[in-house]
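Peer 1: My questions will all concern the structure given below.
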Amino acid sequence: MTTLTAPPEAPPQAPTAPPTDRQRRRRRGRADAIAGYAFLTPWLLGFVLLTAGPMLASLYLAFTDYNLFAPPQWVGLDNFTRLFGDPDYLQAWKVTALYVLVGTPLKLVAALAVAMILNRALRGSSFYRSAFYLPSLVGASVSIAVVWKAMFIDDGPVDSIQQFFGLASGGWVGDPDRTVPMLILLTVWQFGAPMVIFLAGLKQVPQELYEAADVDGARARHKFFHITLPMLSPVIFFNLLLETINAFQIFASAFIISGGTGGPARSTLFYTLYLYFRGFRDFQMGYASAMAWVLVLVIAFITILMFRSSKAWVHYAGDEGR
Amino acid sequence: MTRITARRGRRSALFGGAIVMAGAVALTGCGGGTAEENADPDAPVELNFAWWGDASRAERYEAAIDIYEAENPNVTIGTSYAGFADYWTSRNTEAASRTLPDIIQMDLAYLNEYGSYGHVAPLDEYFGDEIAVDAIDESLVSAGEVEGKTFGLASSSSSQASMFNVPLLEELGVEVPTETLDWDAYDAFLEEISAAGAGRSPVVYGGNDYTQYFWLFQIWLAQHDKALIEDGALGFDESDLAEWWGRSAPLTESGAALPPERLAQLEGVDALGAAEIATDISWDNFLPRFSEGPATPELTLVPPPVAADGATGLFLKPGVMMSIAGNSEHPTAAAKFIDFIVNDPRVGEIFGMSRGVPSSETAREGVVANELDEQVLAFEESVAENLEGAPPAAVRGLGTLEQTFVTISQDVSYGVVTVDEAAARWFAEAESALGV
């Protein structure tokens, strides 16, 4: 289970030469290193040219006024100070924060709940596992966003259900108060990936713990809170981190459902969507780069916070001695 | 594992940065290619031409290019096309690296950005020689000007028009006005339609909340002797915009206009084409598009509302423009091709009205007009004779002005901001975009 969160370890070095011949060993080690870097070259090239280089460039551009057509002009911290007076920027944070804070926990709860049901030895459980996993495979695609939108329009399936139960009728797509909930439902529905990981975690909880608890007369609730959750905490931590970072980057579904506008009435103006508008609609590449860097810093900060807090609540089996 | 994910996150957030980087490197590395003309007119020339549009437009351009290549055997023309948004993303990147195709379709909204930084070449030196402009309305030619030079030539034009679904109005028992209404009478007319259409399924509304239409606002300004853009700055003030957007709330509250919640759901379908509204105001050359909507409405073009004193404020907006890339190695050959695409009657015949009303009279002569085309042609000719306004000058950031206008007017329509707040917000955005 710990292998899920720990970085993959390097395979143990095979003994290469008799320890007496140090010279040969060193030469052999160097050859190994060269071979290693040679194999890494494609990745290193990709990283330097496609990730690190552009990141450095965008860091520079964040301090400039750049519209793609004329050379960038240094403006110091102007882009960053402008961010805080920009009502749309604050709106983008509001919408994104709502999505992350509500959507991510709901998704994890749904994933855990379904994983626990599937963890029981049911007939056809492998079928259900695939069936529940499916949405997260297709979920990021354009077509699903289109289908999702169609479900929430006037007289669409969701509206029909509402009308059947006598709830307020009308589609969600056009209502600024219900577009984010609609997108949260979309992400919750895609709980398959964390579910599969939860399932793997549940399988590894030692059965004797439950048996011992049964002997002590523990109820299901107690077993869940005192055995399942603590034993699962590394997996929960992993899923929480992953899903939070993913949630900050919502783009495609919001772009499609709002018809590429961030509307209605800016209710789906997510951070990345606004960044895209500023960069590619308004040609304010400097401003967009500044936005991107603030997002990087915020996500980095949240990640650090999570790692710090994890010491208090994440329980690694075999950690007790340390 | 988590480290990998975090990095992936940054990469995606900085995807824009990657493109910018590519542009920046290219801009500094290989900028400033000079145009070199080949002296021999029969030497083989290879031109590249890019446009935005759908498959049917591509077929039409290919057909026109076939004619051109047959008549000019030394010229071969490579083509590429995409949808409007993707088209501009590609062109912007190419502009940054100075690798634009020789001939590009241009839009008024981006003309300044491309012209003032030399990404497209001035056309003035070709006018009268390679490119004939005498058959094109003067206001359309000058619409392509940026800082005194012409960077784009309009191949078509369009004008704002009201469209009435007359059979539907008659069915509803609403009297179709015979004279052009002023704004208040128009609002009352919309309300009357909505009242009559409330019982139908689907409910019929009078029209859309027209205060969202950027170009209609330009007409309204012209009716008040103002203009969107004057001397490179905004030609009106916040109170004008607040007054214009002030017309929105009564329209929504009285039920005269289609509710914004409904409008947001219509995608790929026009409310007018689906007969959810009985009138709308739009570009006259959209008439065929609306007429081919799911309800196949029979539409009549009439002038948009006028001021109380009868001023129309009407203007011709340059449609699809043609520009030559600043980095083109064969600008003269490109100019000749532009002349063909804009003026030739055979091209007029191939395209009909699909790019808008052909700007050139010679191209218009080639159009084999159907009934709808006839209506559009007749309407636009009547407008051309009574021009009261001019299209806005191609200022830097014009595209942003329109985009933010549409976004903020949606807030107004939903009533989530006051009109004064909305106007102040648009002015802040506009002034930052214009750099004034």
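Residues are named by chain letter and number: chains run A, B, ... in the order of the structure tokens, numbers start at 1 in each chain, and ligands are numbered from 1 in the order shown.
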As a list in words, list the residues of region 53-143 of chain B assigned to strand (DSSP E) by DSSP on the backbone atoms of this structure.
Peer 2: Val75, Thr76, Ile77, Gly78, Thr79, Ser80, Tyr81, Ala82, Ile103, Ile104, Gln105 and Met106 of chain B
Peer 1: Next, dump the selected residues to file, keeping only C-alpha atoms, as a JSON list (two decimals), in the first residue's frame.
Peer 2:
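out14.json, written as the output of this step:
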```json
[["chain", "number", "residue", "atom", "x", "y", "z"],
["B", 75, "VAL", "CA", 0.83, 30.24, -60.14],
["B", 76, "THR", "CA", 0.09, 27.42, -57.74],
["B", 77, "ILE", "CA", -1.91, 28.15, -54.64],
["B", 78, "GLY", "CA", -1.66, 26.07, -51.48],
["B", 79, "THR", "CA", -4.62, 26.29, -49.15],
["B", 80, "SER", "CA", -5.54, 25.69, -45.55],
["B", 81, "TYR", "CA", -8.61, 26.49, -43.52],
["B", 82, "ALA", "CA", -10.08, 26.12, -40.04],
["B", 103, "ILE", "CA", -2.77, 35.66, -48.43],
["B", 104, "ILE", "CA", -4.95, 35.53, -45.35],
["B", 105, "GLN", "CA", -8.56, 36.19, -44.68],
["B", 106, "MET", "CA", -8.72, 39.14, -42.30]]
```
Peer 1: Considering only C-alpha atoms, tabulate each residue of chain A that lies at most 6 Å from chain B along with its nearest interatomic pair and the corresponding distance in Å to one decimal; arrange the rows by chain and ascending residue number and present them as a Markdown table.
Peer 2:
```
| residue | atom | partner | partner_atom | distance |
| --- | --- | --- | --- | --- |
| A:Pro7 | CA | B:Met1 | CA | 5.6 |
| A:Pro54 | CA | B:Ala18 | CA | 4.4 |
| A:Ala57 | CA | B:Met21 | CA | 5.6 |
| A:Ser58 | CA | B:Gly17 | CA | 4.9 |
| A:Leu68 | CA | B:Ala96 | CA | 5.7 |
| A:Phe69 | CA | B:Ala96 | CA | 5.6 |
| A:Gly174 | CA | B:Glu261 | CA | 3.9 |
| A:Asp175 | CA | B:Glu261 | CA | 5.7 |
| A:Ala265 | CA | B:Asp411 | CA | 4.7 |
| A:Asp282 | CA | B:Thr400 | CA | 5.6 |
| A:Ala292 | CA | B:Ala13 | CA | 5.8 |
```
Peer 1: Store the residues picked out above, limited to C-alpha atoms, as a short mmCIF file (atom, residue, chain, number, x, y, z; two decimals), in the first residue's frame.
Peer 2:
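Okay, this is what ended up in again.cif:
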```
data_model
loop_
_atom_site.label_atom_id
_atom_site.label_comp_id
_atom_site.auth_asym_id
_atom_site.auth_seq_id
_atom_site.Cartn_x
_atom_site.Cartn_y
_atom_site.Cartn_z
CA PRO A 7 8.14 7.55 -5.14
CA PRO A 54 8.49 27.42 -21.76
CA ALA A 57 9.86 31.98 -20.71
CA SER A 58 6.44 32.41 -19.19
CA LEU A 68 2.27 38.23 -29.53
CA PHE A 69 2.72 40.83 -32.26
CA GLY A 174 -29.01 28.77 -18.45
CA ASP A 175 -29.17 29.39 -14.71
CA ALA A 265 -23.17 35.65 -16.42
CA ASP A 282 -7.34 39.52 -25.63
CA ALA A 292 -0.52 30.99 -14.64
#
```
Peer 1: I'd like the contact shell of region 190-193 of chain A - 6 Å cut-off, only C-alpha atoms, skipping same-chain residues fewer than 6 positions apart - returned as a list in words.
Peer 2: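 Once the nearby chain positions are removed, what remains is Lys107, Ala111, Phe132, Tyr133, Pro135 and Ser136 of chain A.
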Peer 1: Go ahead and save the residues from that selection, with N, CA and C atoms, as a tab-separated table (two decimals), in the first residue's frame.
Peer 2:
```
chain	number	residue	atom	x	y	z
A	107	LYS	N	-16.53	13.95	-4.56
A	107	LYS	CA	-16.06	12.91	-5.46
A	107	LYS	C	-15.38	11.79	-4.67
A	111	ALA	N	-16.49	7.98	-4.32
A	111	ALA	CA	-15.56	6.93	-4.72
A	111	ALA	C	-15.39	5.91	-3.60
A	132	PHE	N	-18.43	1.13	-13.19
A	132	PHE	CA	-18.26	2.37	-12.44
A	132	PHE	C	-16.99	3.11	-12.85
A	133	TYR	N	-16.05	2.36	-13.38
A	133	TYR	CA	-14.80	2.99	-13.78
A	133	TYR	C	-14.94	3.72	-15.12
A	135	PRO	N	-17.02	5.90	-16.56
A	135	PRO	CA	-17.18	7.36	-16.71
A	135	PRO	C	-15.88	8.13	-16.61
A	136	SER	N	-14.95	7.66	-15.76
A	136	SER	CA	-13.73	8.45	-15.62
A	136	SER	C	-12.81	8.28	-16.82
```
Peer 1: Considering only C-alpha atoms, return as a PyMOL selection string whatever protein or nucleic-acid residues lie within 10 Å of Ile227 (chain A), sequence-local ones (same chain, fewer than 4 positions apart) excluded.
Peer 2: chain A and resi 205-206+209-210+213+221-223+231-232
Peer 1: Just asking: which residues within region 302-434 of chain B are helix (DSSP H, G or I) according to DSSP, as a ChimeraX atom specification?
Peer 2: /B:331-343,345-351,361-366,371-385,398-414,419-434
Peer 1: Determine the nearest neighbour of Leu372 (chain B) from the options B:Lys149, B:His224, B:Arg200, B:Arg289, counting only C-alpha atoms.
Peer 2: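 When distances to Leu372 (chain B) are compared using only C-alpha atoms, the smallest one comes from B:Arg289.
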Peer 1: Name the residues in contact with Val100 (chain A) at a cut-off of 9 Å, using only C-alpha atoms, excluding same-chain residues fewer than 4 positions from it; report them as an MDAnalysis selection string.
Peer 2: chainID A and resid 95:96 104:105 184 243:248
Peer 1: Could you turn the residues from that selection into a file that holds N, CA and C atoms, as a PDB file, in the first residue's frame?
Peer 2:
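What ended up in out.pdb:
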```pdb
ATOM      1  N   VAL A  95     -15.294  31.018  -8.424  1.00  0.00           N
ATOM      2  CA  VAL A  95     -15.889  29.862  -9.095  1.00  0.00           C
ATOM      3  C   VAL A  95     -14.992  28.635  -8.938  1.00  0.00           C
ATOM      4  N   THR A  96     -13.687  28.828  -9.123  1.00  0.00           N
ATOM      5  CA  THR A  96     -12.764  27.699  -9.049  1.00  0.00           C
ATOM      6  C   THR A  96     -12.707  27.137  -7.631  1.00  0.00           C
ATOM      7  N   THR A 104     -14.304  18.179  -4.998  1.00  0.00           N
ATOM      8  CA  THR A 104     -13.309  17.160  -4.669  1.00  0.00           C
ATOM      9  C   THR A 104     -13.740  16.267  -3.503  1.00  0.00           C
ATOM     10  N   PRO A 105     -14.161  16.842  -2.350  1.00  0.00           N
ATOM     11  CA  PRO A 105     -14.597  15.961  -1.261  1.00  0.00           C
ATOM     12  C   PRO A 105     -15.773  15.071  -1.658  1.00  0.00           C
ATOM     13  N   ILE A 184     -19.999  20.210 -10.972  1.00  0.00           N
ATOM     14  CA  ILE A 184     -19.561  19.406  -9.826  1.00  0.00           C
ATOM     15  C   ILE A 184     -20.133  17.992  -9.963  1.00  0.00           C
ATOM     16  N   GLU A 243      -6.740  14.640  -6.804  1.00  0.00           N
ATOM     17  CA  GLU A 243      -8.009  15.191  -7.277  1.00  0.00           C
ATOM     18  C   GLU A 243      -8.065  16.699  -7.083  1.00  0.00           C
ATOM     19  N   THR A 244      -7.448  17.194  -6.007  1.00  0.00           N
ATOM     20  CA  THR A 244      -7.441  18.639  -5.783  1.00  0.00           C
ATOM     21  C   THR A 244      -6.677  19.333  -6.900  1.00  0.00           C
ATOM     22  N   ILE A 245      -5.517  18.804  -7.202  1.00  0.00           N
ATOM     23  CA  ILE A 245      -4.703  19.430  -8.252  1.00  0.00           C
ATOM     24  C   ILE A 245      -5.431  19.367  -9.588  1.00  0.00           C
ATOM     25  N   ASN A 246      -6.067  18.228  -9.850  1.00  0.00           N
ATOM     26  CA  ASN A 246      -6.827  18.110 -11.097  1.00  0.00           C
ATOM     27  C   ASN A 246      -7.978  19.103 -11.150  1.00  0.00           C
ATOM     28  N   ALA A 247      -8.656  19.260 -10.011  1.00  0.00           N
ATOM     29  CA  ALA A 247      -9.849  20.107  -9.998  1.00  0.00           C
ATOM     30  C   ALA A 247      -9.499  21.550 -10.326  1.00  0.00           C
ATOM     31  N   PHE A 248      -8.325  21.996  -9.893  1.00  0.00           N
ATOM     32  CA  PHE A 248      -7.934  23.373 -10.192  1.00  0.00           C
ATOM     33  C   PHE A 248      -7.822  23.604 -11.691  1.00  0.00           C
TER      34      PHE A 248
END
```
Peer 1: Using only C-alpha atoms, which residues sit within 10 Å of Ala390 (chain B) once same-chain residues fewer than 5 positions away are excluded, as a list in words?
Peer 2: Ser139, Leu140, Ser142, Ala143, Gln218, Ile219, Ala222, Ala227, Gly313, Leu314, Phe315, Leu316 and Lys317 of chain B
Peer 1: May I have the selected residues written with N, CA and C atoms, as a short mmCIF file (atom, residue, chain, number, x, y, z; two decimals), in the first residue's frame?
Peer 2:
```cif
data_model
loop_
_atom_site.label_atom_id
_atom_site.label_comp_id
_atom_site.auth_asym_id
_atom_site.auth_seq_id
_atom_site.Cartn_x
_atom_site.Cartn_y
_atom_site.Cartn_z
N SER B 139 -16.57 53.71 -48.58
CA SER B 139 -16.53 53.52 -47.12
C SER B 139 -16.00 52.13 -46.76
N LEU B 140 -16.18 51.17 -47.68
CA LEU B 140 -15.68 49.82 -47.40
C LEU B 140 -14.17 49.74 -47.60
N SER B 142 -12.04 52.28 -47.26
CA SER B 142 -11.35 53.01 -46.20
C SER B 142 -11.50 52.32 -44.85
N ALA B 143 -12.47 51.39 -44.74
CA ALA B 143 -12.61 50.65 -43.48
C ALA B 143 -11.39 49.79 -43.21
N GLN B 218 -23.65 50.46 -31.96
CA GLN B 218 -22.98 51.42 -32.84
C GLN B 218 -24.00 52.22 -33.64
N ILE B 219 -25.07 51.53 -34.11
CA ILE B 219 -26.12 52.23 -34.86
C ILE B 219 -26.84 53.23 -33.96
N ALA B 222 -24.72 56.21 -33.52
CA ALA B 222 -24.71 57.06 -34.71
C ALA B 222 -26.00 57.87 -34.79
N ALA B 227 -20.10 58.00 -32.03
CA ALA B 227 -19.52 56.83 -32.68
C ALA B 227 -18.80 56.00 -31.65
N GLY B 313 -28.74 55.83 -38.66
CA GLY B 313 -27.42 55.44 -38.16
C GLY B 313 -26.83 54.24 -38.87
N LEU B 314 -27.40 53.86 -40.01
CA LEU B 314 -26.96 52.63 -40.67
C LEU B 314 -25.59 52.77 -41.32
N PHE B 315 -24.84 51.68 -41.33
CA PHE B 315 -23.51 51.68 -41.94
C PHE B 315 -23.27 50.31 -42.57
N LEU B 316 -22.30 50.25 -43.45
CA LEU B 316 -21.90 48.97 -44.04
C LEU B 316 -20.68 48.47 -43.29
N LYS B 317 -20.77 47.25 -42.78
CA LYS B 317 -19.60 46.69 -42.10
C LYS B 317 -18.82 45.85 -43.11
#
```
Peer 1: Could you state the separation of CA of Ala335 (chain B) and CA of Ala154 (chain B) in Å, given to one decimal place?
Peer 2: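 Separating CA of Ala335 (chain B) from CA of Ala154 (chain B) is a distance of 13.3 Å.
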Peer 1: Determine the nearest neighbour of Val419 (chain B) from the options B:Arg91, B:Arg396, B:Arg60, B:Arg247, counting only C-alpha atoms.
Peer 2: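 Between B:Arg91, B:Arg396, B:Arg60, B:Arg247, the residue approaching Val419 (chain B) most closely is B:Arg247.
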Peer 1: I'd like the contact shell of Ala135 (chain B) - 7 Å cut-off, only C-alpha atoms, skipping same-chain residues fewer than 6 positions apart - returned as a VMD selection string.
Peer 2: chain B and resid 360 to 362
